[in-house]
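To start, the structure under review is shown below, and the notes come after it.
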Amino acid sequence: MTERTQLCLTNPEVFDLVVRRLREAIAENPEANLYALAHNDYGNWCECAKCKAINDAADNPGMTEFLFVNRVVAEIARERPDIIFKLSAYVYTRKPPKDLRLHPNVMVDLCPIEADLMFPLPESKYKDSVAFCRDMEGWSKVRGDNFLIWDYNTSFLNLLQILPNAYTPQGNAKYYRSMGVNMVFNQGDYTGYHADFAELKAYLQAKWAWNPDLPAEPLVADFFEGYYGPAAPFVREFFDDIYARQRAHCADGTHFMTCYTPAAKELAVDGEFFRRSAALWERARAAVRGNPEFEYNVKTSALSFDYTSLCLNAKRYFLTAHPE
């Protein structure tokens, strides 16, 4: 036995209970037209004899969930054909079914949580990014009209650590568009105010949500000038340096930074980088001293460098890798 397990989706009582609760929720909120039918945010799917037989036959631990969701949606759609139900294609349910067409009212919510954040998915050579693209091609053949991507643009290990991925969402947005995705949720630093260039990243993601073809450089330059004022050249020099270093470091796919990779493990920095960067941030602070608007922006943007520098230079490698 484990403490946290998923539901047994071949149990007829579970099906009846879910349908009943859904009908109650719909009656209480008749205007709502989107519901989630998602497993809990951990593993431990049911391995009773019946569930195991179905999943083993499909070579897919998510098969019982796909069949269950299809049944529930078909039942509710007879009464409310306007309601869409979200299916999470996530971790153990990320592999698409081979011989099952999902109900038209099922919205696939595909989550690349294992992917490298340094490069857009189709450009990355990291094995888990390559595998995700392969799965995405499979989902494009069995999904309906509604296709959602839950994308990740932050570090769950520590929101404040340096994470040079501001450019990645543009390539991903273009890729998702080419695969028929019509909705993207970008999970950024929503609980880590002023995490690594969080304001810039939010600005770029918003721009590329409207138009993924907008060139990056004019957007980045405009943001730096407007957000940092006289300090913009010094902050931009730091930004360009760490991005060039990290892209070169991760180019062959043997090095990577996912949302669970600690800076101490994969960040391509050394003593010379920290000395030069510290001087750049000091020049940035000096350039806006006495100007409250820009002074605040520089001070908070420097937090990620200061924090990462403290952790790495003090050799406090308490950021642990996500357990496999």
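Ordering of the structure tokens sets the chain letters (A, B, ...), residue numbers begin anew at 1 in every chain, and ligands are numbered from 1 in the order given.
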
Review point. As a list in words, which residues of segment 134-317 of chain A does DSSP assign to strand (DSSP E or B)?
Key: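 Those residues are Phe147, Leu148, Ile149, Trp150, Asp151, Tyr152, Met183, Val184, Phe185, Asn186 and Gln187 of chain A.
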
Exercise for review: Just the residues within 7 Å of segment 70-72 of chain A, please, counting only C-alpha atoms, with nothing from its chain fewer than 6 positions along; format it as a list of chain:residue names.
Suggested key: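 The contact residues come out as A:Val19, A:Leu102, A:His103.
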
**Study point:** Contacts of segment 159-168 of chain A at 6 Å (only C-alpha atoms; same-chain gap of 6+ positions) as a list in words
**Key:**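 Once the nearby chain positions are removed, what remains is Leu117, Met118, Phe119, Pro120, Gly192, Ala195, Asp196, Lys201, Tyr243, Ser304 and Thr308 of chain A.
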
Would you save the residues of that selection, restricted to N, CA, C and O atoms, as a CSV table (one decimal), in the first residue's frame?
chain,number,residue,atom,x,y,z
A,117,LEU,N,14.6,23.5,-20.7
A,117,LEU,CA,14.0,24.8,-20.8
A,117,LEU,C,15.0,25.8,-21.6
A,117,LEU,O,14.6,26.9,-21.9
A,118,MET,N,16.2,25.3,-22.0
A,118,MET,CA,17.1,26.1,-22.6
A,118,MET,C,16.9,26.3,-24.1
A,118,MET,O,17.3,27.3,-24.7
A,119,PHE,N,16.2,25.4,-24.7
A,119,PHE,CA,15.9,25.4,-26.2
A,119,PHE,C,14.4,25.1,-26.4
A,119,PHE,O,13.8,24.3,-25.7
A,120,PRO,N,13.8,25.7,-27.5
A,120,PRO,CA,12.5,25.3,-27.9
A,120,PRO,C,12.5,23.7,-28.1
A,120,PRO,O,13.5,23.2,-28.6
A,192,GLY,N,7.1,33.7,-7.1
A,192,GLY,CA,8.4,34.2,-6.9
A,192,GLY,C,8.6,35.6,-7.5
A,192,GLY,O,9.3,35.7,-8.5
A,195,ALA,N,11.8,36.9,-9.6
A,195,ALA,CA,12.7,35.8,-9.9
A,195,ALA,C,13.4,36.2,-11.2
A,195,ALA,O,13.0,37.1,-11.9
A,196,ASP,N,14.3,35.3,-11.6
A,196,ASP,CA,15.2,35.6,-12.7
A,196,ASP,C,14.5,36.2,-14.0
A,196,ASP,O,13.8,35.5,-14.7
A,201,LYS,N,10.3,38.0,-18.9
A,201,LYS,CA,9.7,36.8,-19.4
A,201,LYS,C,8.2,36.9,-19.6
A,201,LYS,O,7.6,36.4,-20.6
A,243,TYR,N,23.2,34.0,-21.1
A,243,TYR,CA,22.4,33.3,-22.2
A,243,TYR,C,23.4,32.7,-23.2
A,243,TYR,O,23.1,31.5,-23.6
A,304,SER,N,18.3,37.5,-8.4
A,304,SER,CA,18.7,36.1,-8.8
A,304,SER,C,20.2,35.9,-8.9
A,304,SER,O,20.7,34.9,-8.6
A,308,THR,N,22.0,33.3,-6.5
A,308,THR,CA,22.8,32.2,-7.1
A,308,THR,C,24.3,32.3,-6.8
A,308,THR,O,24.9,31.2,-6.5

Practice item. Counting only C-alpha atoms, figure out which residue out of A:Leu9, A:Leu34, A:Cys111, A:Ile26 gets nearest to Cys46 of chain A. Key: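 Using only C-alpha atoms, the shortest distance to Cys46 of chain A belongs to A:Leu9.
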
Exercise for review: Can you pull out every residue within 10 Å of Ala232 of chain A, counting only C-alpha atoms, but drop anything in the same chain fewer than 3 positions away, and send it as a PyMOL selection string?
Suggested key: chain A and resi 221-229+235-237+284+287-288+294+298
